[in-house]
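**Q** Sharing my_file08.cif below, mmCIF, C-alpha atoms and all ligand atoms:
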data_entry
#
loop_
_atom_site.group_PDB
_atom_site.id
_atom_site.type_symbol
_atom_site.label_atom_id
_atom_site.label_comp_id
_atom_site.auth_asym_id
_atom_site.auth_seq_id
_atom_site.Cartn_x
_atom_site.Cartn_y
_atom_site.Cartn_z
ATOM 1 C CA MET A 151 -0.837 -18.730 -28.406
ATOM 2 C CA LYS A 152 -4.574 -18.141 -28.500
ATOM 3 C CA THR A 153 -6.211 -17.769 -25.099
ATOM 4 C CA LEU A 154 -9.495 -19.617 -24.822
ATOM 5 C CA LEU A 155 -12.300 -17.450 -23.443
ATOM 6 C CA ILE A 156 -14.915 -19.307 -21.424
ATOM 7 C CA SER A 157 -17.865 -17.473 -19.966
ATOM 8 C CA ASN A 158 -20.292 -20.149 -18.863
ATOM 9 C CA ILE A 159 -20.141 -23.111 -16.557
ATOM 10 C CA ALA A 160 -21.162 -25.759 -19.128
ATOM 11 C CA ASP A 161 -18.183 -24.783 -21.332
ATOM 12 C CA LEU A 162 -15.863 -24.779 -18.340
ATOM 13 C CA ILE A 163 -16.978 -28.295 -17.369
ATOM 14 C CA ALA A 164 -16.561 -29.498 -20.976
ATOM 15 C CA TYR A 165 -13.057 -27.987 -21.050
ATOM 16 C CA GLN A 166 -12.174 -29.691 -17.764
ATOM 17 C CA LYS A 167 -13.480 -33.048 -19.014
ATOM 18 C CA ASN A 168 -11.393 -32.760 -22.142
ATOM 19 C CA LEU A 169 -8.340 -31.873 -20.024
ATOM 20 C CA GLN A 170 -8.790 -34.960 -17.840
ATOM 21 C CA GLU A 171 -9.054 -37.171 -20.926
ATOM 22 C CA THR A 172 -6.182 -35.758 -22.940
ATOM 23 C CA LEU A 173 -3.512 -34.621 -20.522
ATOM 24 C CA GLU A 174 -0.893 -36.504 -18.518
ATOM 25 C CA LYS A 175 -1.252 -37.410 -14.858
ATOM 26 C CA ASP A 176 1.255 -34.784 -13.768
ATOM 27 C CA THR A 177 -0.668 -31.937 -15.436
ATOM 28 C CA ARG A 178 -1.007 -29.065 -13.012
ATOM 29 C CA ILE A 179 -3.561 -26.254 -13.192
ATOM 30 C CA GLY A 180 -2.698 -22.820 -11.822
ATOM 31 C CA LEU A 181 -5.476 -20.294 -11.175
ATOM 32 C CA VAL A 182 -4.988 -16.543 -11.003
ATOM 33 C CA PRO A 183 -8.258 -15.067 -9.687
ATOM 34 C CA THR A 184 -8.712 -11.412 -10.685
ATOM 35 C CA MET A 185 -11.336 -8.743 -11.095
ATOM 36 C CA GLY A 186 -9.802 -7.721 -14.424
ATOM 37 C CA ALA A 187 -8.287 -4.306 -15.230
ATOM 38 C CA LEU A 188 -5.102 -6.323 -15.407
ATOM 39 C CA HIS A 189 -1.772 -4.665 -14.661
ATOM 40 C CA ALA A 190 1.819 -5.792 -14.227
ATOM 41 C CA GLY A 191 0.991 -7.088 -10.730
ATOM 42 C CA HIS A 192 -1.543 -9.577 -12.130
ATOM 43 C CA LEU A 193 0.810 -10.488 -14.958
ATOM 44 C CA SER A 194 3.562 -11.350 -12.501
ATOM 45 C CA LEU A 195 1.136 -13.812 -10.836
ATOM 46 C CA VAL A 196 0.435 -15.254 -14.284
ATOM 47 C CA ARG A 197 4.144 -15.657 -15.014
ATOM 48 C CA THR A 198 4.729 -17.435 -11.719
ATOM 49 C CA SER A 199 1.798 -19.731 -12.442
ATOM 50 C CA LYS A 200 3.144 -20.484 -15.905
ATOM 51 C CA GLN A 201 6.514 -21.450 -14.433
ATOM 52 C CA GLN A 202 4.898 -23.831 -11.951
ATOM 53 C CA ASN A 203 1.970 -25.359 -13.880
ATOM 54 C CA THR A 204 1.026 -26.960 -17.178
ATOM 55 C CA ILE A 205 -2.114 -24.865 -17.618
ATOM 56 C CA THR A 206 -2.765 -21.339 -16.362
ATOM 57 C CA ILE A 207 -6.329 -20.105 -15.996
ATOM 58 C CA VAL A 208 -7.136 -16.474 -15.191
ATOM 59 C CA SER A 209 -10.585 -15.664 -13.871
ATOM 60 C CA ILE A 210 -11.922 -12.189 -14.560
ATOM 61 C CA PHE A 211 -14.971 -11.302 -12.538
ATOM 62 C CA VAL A 212 -15.867 -8.090 -10.734
ATOM 63 C CA ASN A 213 -17.470 -9.728 -7.750
ATOM 64 C CA PRO A 214 -20.454 -7.658 -6.540
ATOM 65 C CA THR A 215 -20.689 -9.329 -3.125
ATOM 66 C CA GLN A 216 -17.322 -8.015 -1.953
ATOM 67 C CA PHE A 217 -18.275 -4.368 -2.551
ATOM 68 C CA GLY A 218 -20.202 -2.371 0.036
ATOM 69 C CA PRO A 219 -23.270 -0.336 -1.011
ATOM 70 C CA ASN A 220 -21.237 2.905 -1.153
ATOM 71 C CA GLU A 221 -18.208 1.414 -2.846
ATOM 72 C CA ASP A 222 -16.981 1.498 -6.439
ATOM 73 C CA PHE A 223 -18.619 -1.640 -7.899
ATOM 74 C CA LYS A 224 -20.217 0.295 -10.763
ATOM 75 C CA GLN A 225 -17.142 2.432 -11.555
ATOM 76 C CA TYR A 226 -14.657 -0.415 -11.154
ATOM 77 C CA PRO A 227 -12.604 -0.438 -14.405
ATOM 78 C CA ARG A 228 -13.717 -3.113 -16.880
ATOM 79 C CA ASP A 229 -12.037 -3.785 -20.234
ATOM 80 C CA LEU A 230 -12.315 -7.438 -21.196
ATOM 81 C CA GLN A 231 -10.804 -6.974 -24.662
ATOM 82 C CA LYS A 232 -7.674 -5.319 -23.256
ATOM 83 C CA ASP A 233 -7.428 -7.947 -20.500
ATOM 84 C CA LEU A 234 -7.745 -10.721 -23.096
ATOM 85 C CA SER A 235 -4.921 -9.253 -25.214
ATOM 86 C CA LEU A 236 -2.695 -9.028 -22.139
ATOM 87 C CA CYS A 237 -3.539 -12.627 -21.236
ATOM 88 C CA GLU A 238 -2.764 -13.745 -24.773
ATOM 89 C CA GLU A 239 0.586 -11.886 -24.762
ATOM 90 C CA THR A 240 1.475 -13.497 -21.435
ATOM 91 C CA GLY A 241 0.514 -16.986 -22.600
ATOM 92 C CA VAL A 242 -2.575 -17.587 -20.460
ATOM 93 C CA ASP A 243 -4.333 -20.786 -21.564
ATOM 94 C CA VAL A 244 -7.861 -19.944 -20.470
ATOM 95 C CA VAL A 245 -9.722 -16.861 -19.291
ATOM 96 C CA PHE A 246 -12.872 -17.616 -17.336
ATOM 97 C CA ALA A 247 -15.034 -14.469 -17.419
ATOM 98 C CA PRO A 248 -18.558 -15.278 -16.245
ATOM 99 C CA GLN A 249 -21.589 -13.009 -15.788
ATOM 100 C CA VAL A 250 -22.911 -12.131 -12.331
ATOM 101 C CA ALA A 251 -26.010 -14.326 -12.833
ATOM 102 C CA THR A 252 -23.765 -17.285 -13.632
ATOM 103 C CA MET A 253 -21.831 -16.995 -10.395
ATOM 104 C CA TYR A 254 -24.818 -15.962 -8.263
ATOM 105 C CA PRO A 255 -27.868 -17.770 -9.646
ATOM 106 C CA GLN A 256 -29.764 -17.422 -6.331
ATOM 107 C CA ARG A 257 -30.742 -14.165 -4.674
ATOM 108 C CA ASP A 258 -30.772 -15.620 -1.176
ATOM 109 C CA THR A 259 -27.405 -17.293 -0.830
ATOM 110 C CA ILE A 260 -25.353 -19.294 1.622
ATOM 111 C CA CYS A 261 -22.950 -16.957 3.386
ATOM 112 C CA LEU A 262 -19.429 -17.819 4.468
ATOM 113 C CA ASN A 263 -18.123 -15.877 7.443
ATOM 114 C CA PRO A 264 -14.411 -15.276 7.912
ATOM 115 C CA PRO A 265 -12.951 -16.048 11.368
ATOM 116 C CA LYS A 266 -14.050 -13.310 13.818
ATOM 117 C CA ASN A 267 -10.523 -12.265 14.727
ATOM 118 C CA MET A 268 -9.348 -12.085 11.096
ATOM 119 C CA GLY A 269 -12.325 -10.953 9.072
ATOM 120 C CA TYR A 270 -13.786 -7.975 10.924
ATOM 121 C CA VAL A 271 -10.669 -5.907 11.588
ATOM 122 C CA TYR A 272 -8.797 -3.553 9.251
ATOM 123 C CA GLU A 273 -10.300 -4.110 5.759
ATOM 124 C CA GLY A 274 -13.119 -6.167 7.284
ATOM 125 C CA PHE A 275 -13.962 -3.347 9.699
ATOM 126 C CA VAL A 276 -13.906 -0.566 7.126
ATOM 127 C CA ARG A 277 -15.523 -2.669 4.382
ATOM 128 C CA GLU A 278 -18.415 -4.456 6.047
ATOM 129 C CA GLY A 279 -19.125 -7.854 4.486
ATOM 130 C CA HIS A 280 -16.088 -7.627 2.207
ATOM 131 C CA PHE A 281 -14.503 -10.922 3.198
ATOM 132 C CA ASN A 282 -17.845 -12.786 3.105
ATOM 133 C CA GLY A 283 -17.980 -11.831 -0.562
ATOM 134 C CA VAL A 284 -14.340 -12.721 -1.199
ATOM 135 C CA LEU A 285 -14.731 -16.134 0.462
ATOM 136 C CA ALA A 286 -17.901 -16.902 -1.503
ATOM 137 C CA ILE A 287 -16.413 -16.121 -4.894
ATOM 138 C CA VAL A 288 -13.048 -17.725 -4.231
ATOM 139 C CA LEU A 289 -14.671 -20.956 -3.043
ATOM 140 C CA LYS A 290 -16.929 -20.985 -6.139
ATOM 141 C CA LEU A 291 -13.920 -20.434 -8.419
ATOM 142 C CA PHE A 292 -11.906 -23.139 -6.652
ATOM 143 C CA ASN A 293 -14.794 -25.619 -6.985
ATOM 144 C CA LEU A 294 -15.375 -24.844 -10.644
ATOM 145 C CA ILE A 295 -11.783 -24.629 -11.832
ATOM 146 C CA LYS A 296 -10.249 -27.197 -9.448
ATOM 147 C CA PRO A 297 -6.766 -25.706 -9.590
ATOM 148 C CA HIS A 298 -3.767 -27.390 -7.980
ATOM 149 C CA ARG A 299 -2.324 -23.981 -7.135
ATOM 150 C CA ALA A 300 -3.875 -20.522 -6.800
ATOM 151 C CA TYR A 301 -1.952 -17.252 -6.895
ATOM 152 C CA PHE A 302 -2.635 -14.196 -4.738
ATOM 153 C CA GLY A 303 -0.676 -10.976 -4.272
ATOM 154 C CA GLN A 304 0.835 -10.123 -0.905
ATOM 155 C CA LYS A 305 -0.552 -6.623 -1.359
ATOM 156 C CA ASP A 306 -3.949 -7.889 -0.237
ATOM 157 C CA ALA A 307 -2.390 -9.367 2.888
ATOM 158 C CA GLN A 308 -5.572 -9.863 4.892
ATOM 159 C CA GLN A 309 -7.332 -11.479 1.925
ATOM 160 C CA LEU A 310 -4.377 -13.804 1.390
ATOM 161 C CA LEU A 311 -4.318 -14.913 5.041
ATOM 162 C CA ILE A 312 -8.089 -15.476 5.141
ATOM 163 C CA ILE A 313 -7.996 -17.508 1.917
ATOM 164 C CA LYS A 314 -5.199 -19.628 3.383
ATOM 165 C CA ARG A 315 -7.521 -20.291 6.339
ATOM 166 C CA LEU A 316 -10.358 -21.215 3.960
ATOM 167 C CA VAL A 317 -8.168 -23.797 2.259
ATOM 168 C CA GLN A 318 -6.920 -25.153 5.572
ATOM 169 C CA GLU A 319 -10.309 -25.309 7.321
ATOM 170 C CA PHE A 320 -12.231 -26.756 4.381
ATOM 171 C CA PHE A 321 -9.482 -29.250 3.465
ATOM 172 C CA LEU A 322 -9.249 -27.916 -0.077
ATOM 173 C CA PRO A 323 -6.501 -29.681 -2.054
ATOM 174 C CA ILE A 324 -5.084 -26.393 -3.330
ATOM 175 C CA GLU A 325 -1.726 -24.789 -2.695
ATOM 176 C CA ILE A 326 -1.983 -21.038 -2.126
ATOM 177 C CA ILE A 327 1.012 -19.235 -3.562
ATOM 178 C CA ALA A 328 1.718 -15.753 -2.180
ATOM 179 C CA CYS A 329 3.414 -13.460 -4.683
ATOM 180 C CA PRO A 330 5.315 -10.258 -3.872
ATOM 181 C CA THR A 331 3.702 -6.851 -4.367
ATOM 182 C CA GLN A 332 4.669 -5.185 -7.649
ATOM 183 C CA ARG A 333 5.409 -1.469 -7.490
ATOM 184 C CA ASP A 334 5.563 1.418 -9.905
ATOM 185 C CA THR A 335 8.794 3.421 -10.262
ATOM 186 C CA ASP A 336 7.527 5.905 -7.626
ATOM 187 C CA GLY A 337 7.080 3.045 -5.139
ATOM 188 C CA LEU A 338 3.264 2.977 -5.244
ATOM 189 C CA ALA A 339 1.936 -0.579 -5.137
ATOM 190 C CA LEU A 340 0.232 -1.522 -8.415
ATOM 191 C CA SER A 341 -3.542 -1.549 -8.083
ATOM 192 C CA SER A 342 -6.404 -1.337 -10.546
ATOM 193 C CA ARG A 343 -7.673 1.587 -8.459
ATOM 194 C CA ASN A 344 -4.538 3.725 -9.078
ATOM 195 C CA ILE A 345 -6.186 4.997 -12.267
ATOM 196 C CA TYR A 346 -8.680 6.921 -10.123
ATOM 197 C CA LEU A 347 -5.853 9.203 -8.866
ATOM 198 C CA SER A 348 -5.296 12.674 -10.325
ATOM 199 C CA SER A 349 -1.635 13.641 -10.820
ATOM 200 C CA GLU A 350 -1.716 15.707 -7.609
ATOM 201 C CA GLU A 351 -3.250 12.777 -5.685
ATOM 202 C CA ARG A 352 -0.702 10.426 -7.183
ATOM 203 C CA LYS A 353 2.097 12.576 -5.694
ATOM 204 C CA ASN A 354 0.424 12.407 -2.288
ATOM 205 C CA ALA A 355 -0.082 8.653 -2.623
ATOM 206 C CA ARG A 356 3.704 8.202 -2.607
ATOM 207 C CA LYS A 357 3.580 8.865 1.114
ATOM 208 C CA ILE A 358 2.112 5.376 1.532
ATOM 209 C CA PRO A 359 5.165 3.392 0.346
ATOM 210 C CA GLN A 360 7.417 6.030 1.916
ATOM 211 C CA ALA A 361 5.836 5.452 5.333
ATOM 212 C CA LEU A 362 6.336 1.700 4.958
ATOM 213 C CA GLN A 363 9.951 2.219 3.866
ATOM 214 C CA THR A 364 10.573 4.402 6.926
ATOM 215 C CA ILE A 365 9.258 1.602 9.134
ATOM 216 C CA ALA A 366 11.252 -1.042 7.241
ATOM 217 C CA LYS A 367 14.482 0.956 7.677
ATOM 218 C CA ALA A 368 13.872 1.437 11.390
ATOM 219 C CA ILE A 369 13.308 -2.325 11.766
ATOM 220 C CA GLU A 370 16.534 -2.973 9.872
ATOM 221 C CA MET A 371 18.321 -0.638 12.294
ATOM 222 C CA GLY A 372 17.069 -2.777 15.174
ATOM 223 C CA GLU A 373 13.812 -1.145 16.329
ATOM 224 C CA THR A 374 11.380 -3.862 17.401
ATOM 225 C CA LYS A 375 8.719 -1.968 19.366
ATOM 226 C CA SER A 376 5.490 -1.310 17.486
ATOM 227 C CA ALA A 377 4.659 2.023 19.170
ATOM 228 C CA PRO A 378 7.676 4.024 17.890
ATOM 229 C CA LEU A 379 7.477 2.297 14.503
ATOM 230 C CA LEU A 380 3.848 3.300 14.120
ATOM 231 C CA GLN A 381 4.645 6.825 15.243
ATOM 232 C CA MET A 382 7.316 7.137 12.539
ATOM 233 C CA GLY A 383 4.889 5.775 9.972
ATOM 234 C CA LYS A 384 2.134 8.212 10.992
ATOM 235 C CA LYS A 385 4.564 11.123 10.724
ATOM 236 C CA ALA A 386 5.479 10.076 7.180
ATOM 237 C CA LEU A 387 1.751 9.946 6.335
ATOM 238 C CA GLU A 388 1.030 13.497 7.504
ATOM 239 C CA GLY A 389 -1.170 15.324 5.011
ATOM 240 C CA ILE A 390 -3.099 12.245 3.897
ATOM 241 C CA GLU A 391 -6.045 10.520 5.542
ATOM 242 C CA CYS A 392 -4.737 7.361 7.162
ATOM 243 C CA GLU A 393 -7.556 4.894 7.904
ATOM 244 C CA TYR A 394 -5.349 2.487 9.771
ATOM 245 C CA LEU A 395 -1.687 1.769 10.315
ATOM 246 C CA ALA A 396 -1.103 -1.291 12.445
ATOM 247 C CA ILE A 397 1.399 -3.980 13.295
ATOM 248 C CA CYS A 398 -0.039 -7.437 13.747
ATOM 249 C CA ASP A 399 0.697 -11.139 13.446
ATOM 250 C CA TYR A 400 -0.528 -13.448 10.675
ATOM 251 C CA GLU A 401 -3.822 -13.957 12.527
ATOM 252 C CA LEU A 402 -4.230 -10.170 12.511
ATOM 253 C CA ALA A 403 -3.749 -9.826 16.281
ATOM 254 C CA PRO A 404 -1.963 -6.582 17.227
ATOM 255 C CA LEU A 405 1.670 -6.966 18.242
ATOM 256 C CA GLU A 406 3.553 -4.849 20.758
ATOM 257 C CA ASN A 407 6.842 -6.062 19.342
ATOM 258 C CA ILE A 408 7.805 -7.085 15.845
ATOM 259 C CA GLN A 409 8.454 -10.799 15.424
ATOM 260 C CA LYS A 410 10.664 -11.552 12.425
ATOM 261 C CA ASN A 411 8.933 -13.605 9.695
ATOM 262 C CA ALA A 412 5.650 -13.456 11.581
ATOM 263 C CA SER A 413 4.600 -9.799 11.460
ATOM 264 C CA LEU A 414 2.758 -7.502 9.151
ATOM 265 C CA VAL A 415 2.550 -3.738 8.936
ATOM 266 C CA LEU A 416 -0.867 -2.938 7.466
ATOM 267 C CA LEU A 417 -1.796 0.429 6.044
ATOM 268 C CA ALA A 418 -4.927 1.874 4.451
ATOM 269 C CA ALA A 419 -5.264 5.501 3.406
ATOM 270 C CA LYS A 420 -7.684 7.629 1.473
ATOM 271 C CA ILE A 421 -6.334 9.915 -1.202
ATOM 272 C CA GLY A 422 -9.237 12.073 -2.281
ATOM 273 C CA LYS A 423 -11.999 9.543 -2.853
ATOM 274 C CA THR A 424 -9.645 6.649 -3.535
ATOM 275 C CA ARG A 425 -8.857 4.069 -0.836
ATOM 276 C CA LEU A 426 -5.461 2.461 -1.188
ATOM 277 C CA ILE A 427 -3.924 -0.319 0.866
ATOM 278 C CA ASP A 428 -0.338 -1.439 1.198
ATOM 279 C CA ASN A 429 1.722 -3.416 3.661
ATOM 280 C CA LEU A 430 5.051 -4.745 4.727
ATOM 281 C CA TRP A 431 5.710 -8.408 5.454
ATOM 282 C CA VAL A 432 8.359 -8.344 8.148
HETATM 283 O O1 LIG A 501 -8.020 -9.697 -5.161
HETATM 284 C C1 LIG A 501 -8.964 -9.658 -5.981
HETATM 285 O O2 LIG A 501 -8.826 -9.197 -7.108
HETATM 286 C C2 LIG A 501 -10.315 -10.211 -5.579
HETATM 287 O O3 LIG A 501 -10.584 -9.950 -4.247
HETATM 288 C C3 LIG A 501 -10.481 -11.718 -5.904
HETATM 289 C C4 LIG A 501 -9.516 -12.558 -5.099
HETATM 290 C C5 LIG A 501 -10.274 -11.946 -7.381
HETATM 291 C C6 LIG A 501 -11.896 -12.157 -5.536
HETATM 292 O O4 LIG A 501 -12.854 -11.446 -6.232
#
How would this structure read if it were set down as structure tokens?

**A**
Amino acid sequence: MKTLLISNIADLIAYQKNLQETLEKDTRIGLVPTMGALHAGHLSLVRTSKQQNTITIVSIFVNPTQFGPNEDFKQYPRDLQKDLSLCEETGVDVVFAPQVATMYPQRDTICLNPPKNMGYVYEGFVREGHFNGVLAIVLKLFNLIKPHRAYFGQKDAQQLLIIKRLVQEFFLPIEIIACPTQRDTDGLALSSRNIYLSSEERKNARKIPQALQTIAKAIEMGETKSAPLLQMGKKALEGIECEYLAICDYELAPLENIQKNASLVLLAAKIGKTRLIDNLWV
């Protein structure tokens, strides 16, 4: 099946109009928002969307507003042709890949702030302004594409929870579907940034999933207190630069004790120059 590539808003609106006129009432649109450099993690979101919807749209846009001034916006991997082939192989109906000027026509823009307790801790603390940028682009994509369902990976746990809040607070008629983290054979969570790792760094990066597995096993054995769990995790991370390792609830408030089906273990570490995040949904 040929994937339709749309890169401007007029074409997207024309496509939408045509959809409304030609498709049945129970047509469902699934959106997989991405920044491209697609990997098996993104493709698993696409597959889930295809199972649940009539039409699957993938957006590919490296969103400048979610990168800090010293972050990797310029180096972020971009390969639209490769992404398009992967989308075609996976049966994506439409790829929406706009230019920056299309998504941000004004220089001085309205800014959406995440909730204070959710948006300025962990990723929001280390990456100032990150979630303002994520909220802006996700709301723009939702308004343009009008999906019934949107698919996000559990790997970006804080992003997922903040987007759920966006949908809830702004009464958006969109179902947010959380999809499990996809991992490589060595346990490392799939991420477009893994390509920055040298083979030596890649070996060190394994400590990230190993630390989470250590914590998961201890929880399975009955440990519920955060302090010893975090201590075990930190020990497993020795030798790499851990930015944060924390246990919190779904509003990102720290927890002294694990609560089943309501807790998260969040981890961010730097391997050389590469920041990686991972987590455990308990
Ligand atoms: O998770 C990502 O790839 C991005 O943060 C998203 C949701 C596509 C917004 O730019």

**Q** Listed atoms of ligand LIG 501 (chain A), axis-aligned box, 4 Å per side: centre and edge lengths to one decimal in Å, as JSON?

**A**
{"center_x": -10.4, "center_y": -10.9, "center_z": -5.8, "size_x": 12.8, "size_y": 11.4, "size_z": 11.1}

**Q** Just want the 8 Å neighbourhood of A:Leu402, counted on only C-alpha atoms, with same-chain residues fewer than 2 positions away dropped. Output as a list of chain:residue names.

**A**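 Using only C-alpha atoms, the neighbours found are A:Asn267, A:Met268, A:Val271, A:Gln308, A:Cys398, A:Asp399, A:Tyr400, A:Pro404.
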
**Q** Give me, please, the distance in Å between atom CA of A:Gly180 and atom CA of A:Ile345, quoted to one decimal.

**A**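 Result for atom CA of A:Gly180 versus atom CA of A:Ile345: 28.0 Å, one decimal.
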
**Q** Check which residues of stretch 267-309 of chain A sit at most 12 Å from stretch 412-428 of chain A using all atoms listed in the file, and return one row each with the closest pair of atoms and their distance in Å to one decimal, ordered by chain and rising number, as a tab-separated table.

**A**
residue	atom	partner	partner_atom	distance
A:Val271	CA	A:Leu416	CA	11.0
A:Tyr272	CA	A:Leu416	CA	8.2
A:Glu273	CA	A:Ala418	CA	8.1
A:Gly274	CA	A:Ala418	CA	11.8
A:Phe275	CA	A:Ala418	CA	11.7
A:Val276	CA	A:Ala418	CA	9.7
A:Arg277	CA	A:Arg425	CA	10.8
A:Gly303	CA	A:Asp428	CA	11.0
A:Gln304	CA	A:Asp428	CA	9.0
A:Lys305	CA	A:Asp428	CA	5.8
A:Asp306	CA	A:Asp428	CA	7.5
A:Ala307	CA	A:Leu416	CA	8.0
A:Gln308	CA	A:Leu416	CA	8.8
A:Gln309	CA	A:Ile427	CA	11.7

**Q** Let me make sure I understand: among A:Leu347, A:Leu193, A:Leu310, A:Val432, which one has the smallest atom-to-atom distance to ligand LIG 501 (chain A) if we use only C-alpha atoms and all ligand atoms?

**A** A:Leu310

**Q** Looking at all atoms listed in the file, which of A:Tyr226, A:Glu351, A:Pro265, A:Val208 is the one that sits closest to A:Leu311?

**A**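 Counting all atoms listed in the file, the residue closest to A:Leu311 is A:Pro265.
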
**Q** With only C-alpha atoms as the counted atoms, please give the residues lying no more than 12 Å from A:Lys367, apart from itself and same-chain residues fewer than 6 positions off, as a PyMOL selection string.

**A** chain A and resi 360-361+373-374+379+382-383+430+432

**Q** Using Å and a single decimal, report how far atom CA of A:Leu154 sits from atom CA of A:Lys175.

**A** 22.0 Å

**Q** Would you please work out which residue, of A:Lys353, A:Lys314, A:Lys410, A:His192, is nearest to A:Pro330 when using all atoms listed in the file?

**A**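 Selected residue with least distance to A:Pro330: A:His192.
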
**Q** Please identify the residues whose atoms come within 7 Å of ligand LIG 501 (chain A), using only C-alpha atoms and all ligand atoms, and report them as a VMD selection string.

**A** chain A and resid 183 to 185 211 to 213 284 287 to 288 306

**Q** Could you give me, as a list in words, the residues within 12 Å of A:Ala386, counting all atoms listed in the file and dropping anything in the same chain fewer than 4 positions from it?

**A**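 That gives Asn354, Ala355, Arg356, Lys357, Ile358, Pro359, Gln360, Ala361, Leu362, Gln363, Thr364, Ile365, Leu379, Leu380, Gln381, Met382, Ile390, Glu391, Cys392 and Leu395 of chain A.
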
**Q** Dump as a list in words all residues having an atom at most 9 Å from (-11.0, -16.4, -23.7), computed in the file's coordinates with all atoms listed in the file.

**A**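 Selection result: Lys152, Thr153, Leu154, Leu155, Ile156, Ser157, Leu234, Cys237, Glu238, Asp243, Val244, Val245, Phe246 and Ala247 of chain A.
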
**Q** Enter the distance from atom CA of A:Ala160 to atom CA of A:Ile313, in Å, rounded to one decimal.

**A** 26.2 Å

**Q** Report the residues retrieved by the PyMOL selection byres (((chain A and resi 199) around 8) and not hetatm) from the displayed file, expressed as a VMD selection string.

**A** chain A and resid 180 to 182 195 to 198 200 to 203 206 299 301

**Q** Write out as a list in words the residues lying within 12 Å of A:Asn158, counting all atoms listed in the file and excluding same-chain residues fewer than 2 positions away.

**A** Leu155, Ile156, Ala160, Asp161, Leu162, Ile163, Ala164, Tyr165, Ser209, Val245, Phe246, Ala247, Pro248, Gln249, Val250, Ala251, Thr252, Met253, Leu294 and Ile295 of chain A

**Q** Identify, on the basis of all atoms listed in the file, every residue whose closest approach to A:Phe217 does not exceed 10 Å; exclude the query and any residue fewer than 2 positions from it along the same chain; express the result as JSON, numbers by chain.

**A** {"A": [212, 213, 214, 215, 219, 220, 221, 222, 223, 224, 277, 278, 279, 280, 281, 283, 284]}

**Q** Translate the PyMOL selection byres (((chain A and resi 323) around 9) and not hetatm), as applied to the file shown, into an explicit residue set as a ChimeraX atom specification.

**A** /A:296-299,317-318,321-322,324-325

**Q** Hey, could you patch up stretch 312-316 of chain A with all heavy atoms and hand it over as a PDB file, in the coordinates of the input?

**A**
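Result went into result_12.pdb, see below:
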ATOM      1  N   ILE A 312      -6.754 -14.889   4.940  1.00  0.00           N
ATOM      2  CA  ILE A 312      -8.089 -15.476   5.141  1.00  0.00           C
ATOM      3  C   ILE A 312      -8.323 -16.602   4.136  1.00  0.00           C
ATOM      4  O   ILE A 312      -8.906 -17.637   4.462  1.00  0.00           O
ATOM      5  CB  ILE A 312      -9.178 -14.367   5.078  1.00  0.00           C
ATOM      6  CG1 ILE A 312      -9.041 -13.456   6.310  1.00  0.00           C
ATOM      7  CG2 ILE A 312     -10.583 -14.964   5.007  1.00  0.00           C
ATOM      8  CD1 ILE A 312      -9.943 -12.232   6.316  1.00  0.00           C
ATOM      9  N   ILE A 313      -7.836 -16.435   2.918  1.00  0.00           N
ATOM     10  CA  ILE A 313      -7.996 -17.508   1.917  1.00  0.00           C
ATOM     11  C   ILE A 313      -7.160 -18.731   2.314  1.00  0.00           C
ATOM     12  O   ILE A 313      -7.600 -19.869   2.147  1.00  0.00           O
ATOM     13  CB  ILE A 313      -7.669 -16.987   0.504  1.00  0.00           C
ATOM     14  CG1 ILE A 313      -8.774 -16.023   0.079  1.00  0.00           C
ATOM     15  CG2 ILE A 313      -7.534 -18.129  -0.505  1.00  0.00           C
ATOM     16  CD1 ILE A 313      -8.500 -15.231  -1.170  1.00  0.00           C
ATOM     17  N   LYS A 314      -5.995 -18.486   2.892  1.00  0.00           N
ATOM     18  CA  LYS A 314      -5.199 -19.628   3.383  1.00  0.00           C
ATOM     19  C   LYS A 314      -5.990 -20.399   4.438  1.00  0.00           C
ATOM     20  O   LYS A 314      -5.959 -21.621   4.480  1.00  0.00           O
ATOM     21  CB  LYS A 314      -3.875 -19.141   3.976  1.00  0.00           C
ATOM     22  CG  LYS A 314      -2.829 -18.845   2.919  1.00  0.00           C
ATOM     23  CD  LYS A 314      -1.473 -18.656   3.539  1.00  0.00           C
ATOM     24  CE  LYS A 314      -0.415 -18.569   2.465  1.00  0.00           C
ATOM     25  NZ  LYS A 314       0.896 -18.237   2.966  1.00  0.00           N
ATOM     26  N   ARG A 315      -6.700 -19.645   5.302  1.00  0.00           N
ATOM     27  CA  ARG A 315      -7.521 -20.291   6.339  1.00  0.00           C
ATOM     28  C   ARG A 315      -8.668 -21.082   5.716  1.00  0.00           C
ATOM     29  O   ARG A 315      -9.023 -22.168   6.159  1.00  0.00           O
ATOM     30  CB  ARG A 315      -8.089 -19.244   7.303  1.00  0.00           C
ATOM     31  CG  ARG A 315      -7.181 -18.912   8.442  1.00  0.00           C
ATOM     32  CD  ARG A 315      -7.017 -20.070   9.423  1.00  0.00           C
ATOM     33  NE  ARG A 315      -8.196 -20.269  10.248  1.00  0.00           N
ATOM     34  CZ  ARG A 315      -8.432 -19.639  11.380  1.00  0.00           C
ATOM     35  NH1 ARG A 315      -7.560 -18.759  11.846  1.00  0.00           N
ATOM     36  NH2 ARG A 315      -9.530 -19.869  12.072  1.00  0.00           N
ATOM     37  N   LEU A 316      -9.261 -20.529   4.654  1.00  0.00           N
ATOM     38  CA  LEU A 316     -10.358 -21.215   3.960  1.00  0.00           C
ATOM     39  C   LEU A 316      -9.879 -22.583   3.472  1.00  0.00           C
ATOM     40  O   LEU A 316     -10.521 -23.612   3.688  1.00  0.00           O
ATOM     41  CB  LEU A 316     -10.823 -20.356   2.772  1.00  0.00           C
ATOM     42  CG  LEU A 316     -11.812 -20.992   1.796  1.00  0.00           C
ATOM     43  CD1 LEU A 316     -13.218 -20.995   2.398  1.00  0.00           C
ATOM     44  CD2 LEU A 316     -11.845 -20.253   0.450  1.00  0.00           C
TER      45      LEU A 316
END
